[in-house]
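Enquirer: Have a peek at data13.txt (compact mmCIF, C-alpha atoms (C1' of nucleotides)).
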```txt
# COMPACT_ATOMS: atom_id res chain seq x y z
CA MET A 1 -17.19 1.83 3.66
CA LYS A 2 -14.14 0.63 5.51
CA LEU A 3 -14.34 -1.72 8.52
CA ALA A 4 -11.25 -2.56 10.54
CA THR A 5 -9.89 -4.53 13.47
CA TRP A 6 -6.75 -4.04 15.56
CA ASN A 7 -5.37 -5.76 18.61
CA VAL A 8 -3.63 -2.79 20.20
CA ASN A 9 -2.04 -4.56 23.21
CA SER A 10 -2.96 -1.80 25.69
CA LEU A 11 -5.00 1.15 24.52
CA GLY A 12 -3.39 3.18 27.29
CA VAL A 13 -0.07 2.88 25.49
CA ARG A 14 -1.38 2.86 21.92
CA LEU A 15 -4.05 5.61 21.99
CA PRO A 16 -1.95 8.11 19.97
CA GLN A 17 -1.32 5.49 17.31
CA VAL A 18 -5.00 4.58 17.15
CA LEU A 19 -6.02 8.23 16.79
CA ALA A 20 -3.44 8.72 14.02
CA TRP A 21 -4.66 5.59 12.22
CA LEU A 22 -8.30 6.73 12.45
CA ALA A 23 -7.39 10.14 11.04
CA LEU A 24 -5.53 8.55 8.15
CA HIS A 25 -8.05 5.82 7.21
CA GLN A 26 -11.33 7.21 8.52
CA PRO A 27 -12.98 3.79 8.77
CA GLU A 28 -16.71 3.57 9.40
CA ALA A 29 -15.91 1.17 12.24
CA LEU A 30 -12.79 0.01 14.07
CA CYS A 31 -12.89 -2.87 16.55
CA LEU A 32 -10.15 -2.92 19.18
CA GLN A 33 -8.91 -5.84 21.24
CA GLU A 34 -6.71 -5.98 24.33
CA THR A 35 -7.57 -2.48 25.50
CA LYS A 36 -6.53 -3.56 29.04
CA LEU A 37 -8.55 -0.72 30.56
CA THR A 38 -11.35 -0.74 33.09
CA ASP A 39 -14.43 1.03 31.76
CA ASP A 40 -13.84 4.15 33.86
CA LYS A 41 -10.46 4.63 32.16
CA PHE A 42 -11.69 4.32 28.57
CA PRO A 43 -10.67 7.43 26.56
CA HIS A 44 -14.10 8.07 25.00
CA ALA A 45 -13.62 11.88 25.03
CA GLU A 46 -10.51 11.59 22.87
CA PHE A 47 -12.36 9.43 20.36
CA SER A 48 -15.35 11.75 20.40
CA ALA A 49 -13.07 14.68 19.61
CA ALA A 50 -11.72 12.64 16.69
CA GLY A 51 -15.26 12.14 15.34
CA TYR A 52 -15.86 8.63 16.66
CA ALA A 53 -18.59 7.28 18.88
CA ALA A 54 -17.39 4.50 21.14
CA GLN A 55 -18.76 1.43 22.84
CA TRP A 56 -16.40 -0.31 25.22
CA PHE A 57 -16.19 -3.23 27.57
CA GLY A 58 -13.03 -3.77 29.55
CA GLN A 59 -11.32 -5.06 32.62
CA LYS A 60 -8.09 -4.55 34.50
CA THR A 61 -4.79 -5.74 33.01
CA TYR A 62 -6.16 -8.25 30.52
CA ASN A 63 -8.52 -8.43 27.55
CA GLY A 64 -10.98 -5.61 26.85
CA VAL A 65 -12.67 -4.72 23.57
CA ALA A 66 -14.15 -1.62 21.96
CA LEU A 67 -16.19 -0.61 18.93
CA LEU A 68 -15.45 2.80 17.43
CA THR A 69 -17.88 4.09 14.80
CA ARG A 70 -18.44 7.31 12.88
CA ALA A 71 -22.20 6.95 13.27
CA PRO A 72 -23.45 5.67 16.63
CA ALA A 73 -23.88 1.91 16.77
CA SER A 74 -27.21 0.36 17.72
CA ASP A 75 -28.16 -2.93 19.36
CA VAL A 76 -24.88 -3.09 21.25
CA LEU A 77 -24.04 -6.36 23.00
CA LYS A 78 -21.14 -7.16 25.29
CA ASN A 79 -19.85 -10.73 25.49
CA ILE A 80 -21.68 -13.78 24.20
CA PRO A 81 -25.24 -14.00 25.54
CA GLY A 82 -25.70 -17.04 27.73
CA LEU A 83 -21.98 -17.69 28.17
CA ASP A 84 -20.84 -17.14 31.74
CA ASP A 85 -17.50 -15.52 30.98
CA PRO A 86 -15.63 -13.29 33.43
CA GLN A 87 -13.36 -12.03 30.64
CA ALA A 88 -14.25 -9.04 28.41
CA ARG A 89 -13.81 -10.44 24.91
CA VAL A 90 -16.72 -9.52 22.62
CA ILE A 91 -18.50 -6.34 21.57
CA ALA A 92 -21.13 -6.13 18.86
CA GLY A 93 -23.16 -3.36 17.29
CA THR A 94 -25.02 -2.45 14.14
CA VAL A 95 -23.65 0.39 12.04
CA GLN A 96 -24.94 1.54 8.64
CA GLY A 97 -27.03 -1.61 8.37
CA VAL A 98 -24.11 -3.96 8.99
CA ARG A 99 -23.85 -6.12 12.09
CA VAL A 100 -20.28 -5.82 13.37
CA ILE A 101 -19.01 -8.35 15.89
CA GLY A 102 -15.57 -7.72 17.36
CA ALA A 103 -13.98 -10.65 19.16
CA TYR A 104 -10.84 -11.35 21.13
CA VAL A 105 -10.61 -15.14 21.10
CA PRO A 106 -8.70 -16.65 24.04
CA ASN A 107 -5.07 -17.42 23.33
CA GLY A 108 -5.09 -20.89 24.88
CA GLN A 109 -1.47 -20.66 26.07
CA SER A 110 -0.56 -24.29 25.32
CA VAL A 111 -2.40 -27.41 24.24
CA ASP A 112 -2.13 -29.05 27.67
CA SER A 113 -3.39 -25.96 29.52
CA ASP A 114 -6.79 -25.34 31.12
CA LYS A 115 -6.75 -22.18 29.03
CA PHE A 116 -6.85 -24.30 25.90
CA VAL A 117 -9.97 -26.08 27.16
CA TYR A 118 -11.51 -22.66 27.85
CA LYS A 119 -10.55 -21.52 24.33
CA LEU A 120 -12.29 -24.46 22.66
CA ARG A 121 -15.42 -24.09 24.80
CA TRP A 122 -15.44 -20.36 24.12
CA LEU A 123 -15.22 -20.98 20.38
CA ASP A 124 -18.16 -23.40 20.61
CA ALA A 125 -20.25 -20.68 22.22
CA LEU A 126 -19.10 -18.10 19.68
CA ARG A 127 -20.09 -20.32 16.77
CA ALA A 128 -23.55 -21.04 18.17
CA TRP A 129 -24.18 -17.34 18.80
CA VAL A 130 -22.77 -16.18 15.46
CA ALA A 131 -25.01 -18.70 13.67
CA GLN A 132 -28.02 -17.00 15.32
CA GLN A 133 -26.68 -13.53 14.58
CA VAL A 134 -26.22 -14.28 10.88
CA THR A 135 -29.85 -15.38 10.70
CA LEU A 136 -30.99 -12.20 12.46
CA HIS A 137 -28.58 -9.93 10.57
CA PRO A 138 -27.71 -11.32 7.13
CA ARG A 139 -25.29 -8.45 6.54
CA LEU A 140 -22.69 -9.32 9.17
CA VAL A 141 -18.95 -9.14 9.72
CA LEU A 142 -17.08 -11.05 12.42
CA VAL A 143 -13.71 -9.43 13.03
CA GLY A 144 -10.93 -9.57 15.55
CA ASP A 145 -8.00 -11.46 16.98
CA PHE A 146 -9.01 -15.08 16.45
CA ASN A 147 -5.76 -16.50 17.82
CA ILE A 148 -6.00 -19.12 15.06
CA ALA A 149 -3.81 -19.42 11.97
CA PRO A 150 -6.32 -21.09 9.64
CA GLU A 151 -3.87 -22.78 7.26
CA ASP A 152 -0.18 -23.58 6.97
CA ARG A 153 0.25 -20.70 4.54
CA ASP A 154 -0.73 -18.41 7.43
CA VAL A 155 2.36 -19.50 9.41
CA PHE A 156 5.96 -18.48 8.70
CA ASP A 157 7.30 -21.87 9.83
CA PRO A 158 4.45 -24.36 9.67
CA VAL A 159 6.72 -27.30 10.52
CA ALA A 160 7.92 -25.71 13.76
CA TRP A 161 4.39 -24.61 14.62
CA ALA A 162 2.65 -27.89 13.73
CA GLY A 163 0.42 -28.93 16.61
CA GLN A 164 1.29 -25.83 18.63
CA VAL A 165 -1.41 -23.60 20.03
CA LEU A 166 -2.88 -21.29 17.32
CA CYS A 167 -2.21 -24.00 14.71
CA THR A 168 -3.78 -27.17 16.08
CA PRO A 169 -6.32 -29.18 14.07
CA GLN A 170 -8.90 -28.51 16.81
CA GLU A 171 -8.53 -24.75 16.52
CA ARG A 172 -8.55 -24.90 12.73
CA ALA A 173 -11.73 -26.99 12.88
CA HIS A 174 -13.29 -24.26 15.00
CA PHE A 175 -12.28 -21.64 12.45
CA GLN A 176 -13.91 -23.77 9.76
CA GLY A 177 -16.97 -24.07 12.00
CA LEU A 178 -17.29 -20.30 11.98
CA ILE A 179 -16.91 -20.26 8.20
CA ASP A 180 -19.63 -22.91 8.00
CA THR A 181 -22.15 -20.56 9.62
CA GLY A 182 -22.10 -18.78 6.25
CA LEU A 183 -19.01 -16.59 6.44
CA HIS A 184 -16.00 -15.98 4.18
CA ASP A 185 -12.42 -15.11 5.07
CA ALA A 186 -12.29 -11.70 3.37
CA PHE A 187 -8.50 -11.76 3.06
CA ARG A 188 -8.65 -14.91 0.94
CA LEU A 189 -11.26 -13.52 -1.45
CA PHE A 190 -8.33 -11.80 -3.18
CA GLU A 191 -4.88 -12.56 -4.49
CA GLN A 192 -2.53 -11.74 -1.63
CA PRO A 193 1.22 -11.61 -1.25
CA ALA A 194 2.82 -14.78 0.09
CA LYS A 195 3.98 -14.53 3.72
CA SER A 196 1.20 -12.18 4.79
CA TRP A 197 0.98 -12.03 8.57
CA SER A 198 -1.00 -9.95 11.07
CA TRP A 199 1.13 -10.67 14.16
CA TRP A 200 4.88 -10.81 14.75
CA ASP A 201 6.49 -11.79 18.05
CA TYR A 202 8.19 -8.90 19.80
CA ARG A 203 11.19 -11.19 20.30
CA MET A 204 13.71 -12.63 17.86
CA LEU A 205 13.60 -9.68 15.47
CA ALA A 206 10.49 -11.37 14.11
CA PHE A 207 9.10 -8.34 12.34
CA ARG A 208 12.37 -7.45 10.64
CA LYS A 209 12.66 -11.03 9.46
CA ASN A 210 8.94 -11.14 8.57
CA GLN A 211 8.37 -14.17 10.76
CA GLY A 212 4.75 -14.03 11.83
CA LEU A 213 1.31 -15.56 11.77
CA ARG A 214 -2.00 -14.47 10.26
CA ILE A 215 -4.35 -14.68 13.24
CA ASP A 216 -6.40 -11.47 12.91
CA HIS A 217 -9.29 -11.94 10.56
CA ILE A 218 -12.35 -10.38 8.97
CA LEU A 219 -15.11 -12.82 8.10
CA VAL A 220 -17.98 -11.51 5.96
CA SER A 221 -21.41 -13.07 5.52
CA ASP A 222 -22.71 -14.48 2.23
CA ALA A 223 -24.91 -11.40 1.80
CA LEU A 224 -21.85 -9.13 1.91
CA ARG A 225 -19.43 -11.26 -0.06
CA ALA A 226 -20.05 -9.57 -3.40
CA SER A 227 -19.61 -6.16 -1.76
CA VAL A 228 -16.08 -6.76 -0.53
CA ALA A 229 -13.79 -4.61 -2.68
CA SER A 230 -10.52 -5.28 -0.85
CA CYS A 231 -8.98 -6.67 2.31
CA VAL A 232 -5.63 -5.42 3.54
CA ILE A 233 -3.28 -6.08 6.44
CA ASP A 234 -1.68 -2.73 7.21
CA LYS A 235 1.90 -3.42 8.27
CA LEU A 236 2.83 0.24 8.64
CA PRO A 237 1.81 0.68 12.31
CA ARG A 238 4.04 -2.27 13.19
CA LYS A 239 6.98 -0.03 12.16
CA ASN A 240 6.04 2.65 14.70
CA GLU A 241 8.00 3.23 17.87
CA ARG A 242 6.42 1.13 20.61
CA PRO A 243 4.14 -0.75 18.21
CA SER A 244 1.49 -3.27 19.03
CA ASP A 245 2.63 -6.76 18.10
CA HIS A 246 -0.48 -6.94 15.84
CA ALA A 247 -1.22 -5.06 12.63
CA PRO A 248 -4.65 -3.64 11.79
CA VAL A 249 -6.71 -5.42 9.14
CA TRP A 250 -9.43 -3.71 7.13
CA VAL A 251 -12.02 -4.41 4.45
CA GLU A 252 -13.58 -2.01 1.99
CA LEU A 253 -17.27 -2.69 1.30
CA THR A 254 -19.09 -1.07 -1.61
CA LEU A 255 -22.67 -0.94 -0.38
C1' DA B 1 26.44 -14.34 17.06
C1' DT B 2 20.97 -19.69 17.02
C1' DG B 3 19.26 -15.27 21.27
C1' DG B 4 17.21 -11.33 20.94
C1' DC B 5 10.06 -8.62 23.92
C1' DC B 6 6.34 -5.94 25.93
C1' DT B 7 2.63 -4.85 29.36
C1' DT B 8 0.63 -4.75 33.93
C1' DG B 9 0.68 -4.11 38.86
C1' DG B 10 3.46 -2.20 41.87
C1' DT B 11 8.10 -1.13 43.15
C1' DA B 12 10.63 -6.91 42.53
C1' DC B 13 9.67 -9.60 39.38
C1' DA B 14 5.86 -12.85 38.04
C1' DA B 15 2.39 -13.76 34.72
C1' DG B 16 0.46 -13.59 30.28
C1' DG B 17 0.66 -12.93 25.63
C1' DA B 18 1.20 -15.76 20.84
```
Could you render the structure as structure tokens?

Expert:
Amino acid sequence: MKLATWNVNSLGVRLPQVLAWLALHQPEALCLQETKLTDDKFPHAEFSAAGYAAQWFGQKTYNGVALLTRAPASDVLKNIPGLDDPQARVIAGTVQGVRVIGAYVPNGQSVDSDKFVYKLRWLDALRAWVAQQVTLHPRLVLVGDFNIAPEDRDVFDPVAWAGQVLCTPQERAHFQGLIDTGLHDAFRLFEQPAKSWSWWDYRMLAFRKNQGLRIDHILVSDALRASVASCVIDKLPRKNERPSDHAPVWVELTL
DNA sequence: ATGGCCTTGGTACAAGGA
């Protein structure tokens, strides 16, 4: 079964592209980030017509996440239990015996920003909760826009980006902290092309020049590691008219 | 050519993204 994640940067704008991608790939589950829709505006009827059940959790203008599944998801949770967070950033559900957690990690803006402090605190809470979730649900995937480039090889110009937000040692330590709960970066379980990115700035002709970062990830638990058949960043939607600045990422599990 | 965008709310342009 195929599980996927995509930061769509406004589902209102990107809905046709998401529907086309679902029809083409028919994933068992697709997690969306940055829907930017209040819950009353979520296009659940369109997804239902396309054969997908939806769970969603949004807000006006910013953030917003959704979980689209072919079979209805159970044990759905919205945001991190116990974390007082006004921003809609997490949605979780169980589908076909796999716990799927979709996350939109705060960007952090810049290292000297209050938003960076929020990002690090948020990641602390995520790690603590994911550690519990892995114990409860050994077959687990944590997917989404992590807003962290884990290593220099995930950055088109690591010298220019050194110490910048998305690439700081603190953020990378948090990524490792998530890995240390018993997860594996599915993309790195396989030989991959050099210069593989999941996000390209809209400016500076970044996509045409393939200048990007790999910040969207799929982490799989120990119990699922042997079942991961492939992990792919799908660059094709980035070539659409009016694309998201992020590409979808998917894994194929043979369960 | 060393700079180049996109989205939202709201109706001008500021803020946020990464």

Enquirer: Using only C-alpha atoms (C1' of nucleotides), which of the listed residues (A:Gln133, A:Gln192, A:Thr5, A:Ser10) sits closest to chain B?

Expert: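 Closest to chain B of all the choices is A:Ser10.
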
Enquirer: Distance atom CA of Val100 of chain A-atom CA of Leu11 of chain A, one decimal place?

Expert: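 These two atoms are separated by 20.2 Å.
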
Enquirer: Extract, using only C-alpha atoms (C1' of nucleotides), all DNA, RNA and protein residues at most 12 Å from DG17 of chain B, discarding same-chain residues fewer than 6 positions from it, and format them as a ChimeraX atom specification.

Expert: /A:7,9-10,34,61-63,106-110,147,199-203,244-246 /B:5-8

Enquirer: What does the structure give for the distance between atom CA of Arg153 of chain A and atom CA of Leu236 of chain A, in Å to one decimal?

Expert: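 A separation of 21.5 Å between them.
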
Enquirer: Have a look at atom CA of Gly93 of chain A and atom CA of Ser74 of chain A and let me know their distance in Å, one decimal.

Expert: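 Going from atom CA of Gly93 of chain A over to atom CA of Ser74 of chain A covers 5.5 Å.
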
Enquirer: For Trp21 of chain A, which of A:Trp129, A:Phe42, A:Phe47, A:Phe57 is the closest residue, counting all atoms listed in the file?

Expert: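 Under the stated criterion, the closest residue is A:Phe47.
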
Enquirer: Once 8 Å is added on each side, what are the centre and the three edge lengths, in Å to one decimal, of the axis-aligned box enclosing the listed atoms of segment 6-15 of chain B? Present them as lines of an AutoDock Vina configuration file.

Expert:
```
center_x = 5.6
center_y = -7.4
center_z = 34.5
size_x = 26.0
size_y = 28.6
size_z = 33.2
```

Enquirer: Determine the nearest neighbour of chain B from the options A:Lys235, A:Arg127, A:Lys195, A:Arg214, counting only C-alpha atoms (C1' of nucleotides).

Expert: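 For chain B, the nearest of the given residues is A:Arg214.
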
Enquirer: Restricting the calculation to only C-alpha atoms (C1' of nucleotides): of A:Leu19, A:Leu83, A:Leu213, A:Ala194, which residue gets closest to chain B?

Expert: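 Looking only at the distances to chain B, the closest residue turns out to be A:Leu213.
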
Enquirer: Val232 of chain A: which residues within 8 Å, counting all atoms listed in the file, same-chain residues fewer than 4 positions away excluded, as a ChimeraX atom specification?

Expert: /A:187,249-251

Enquirer: Write a file of the selected residues as a tab-separated table (two decimals), in the coordinates of the input, keeping C-alpha atoms.

Expert:
```tsv
chain	number	residue	atom	x	y	z
A	187	PHE	CA	-8.50	-11.76	3.06
A	249	VAL	CA	-6.71	-5.42	9.14
A	250	TRP	CA	-9.43	-3.71	7.13
A	251	VAL	CA	-12.02	-4.41	4.45
```

Enquirer: Find the residues with any atom within 10 Å of (-13.8, 4.8, 16.7); use all atoms listed in the file and the coordinates as given in the file, and write the answer as JSON, numbers by chain.

Expert: {"A": [4, 18, 19, 22, 26, 27, 28, 29, 30, 31, 32, 44, 46, 47, 48, 50, 51, 52, 53, 54, 55, 66, 67, 68, 69, 70, 71, 72]}

Enquirer: Have a look at A:Gln87, A:Asn240, A:Gln33, A:Gln164 and name the one nearest to DA18 of chain B; count all atoms listed in the file.

Expert: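 With all atoms listed in the file as the atom set, the closest residue is A:Gln164.
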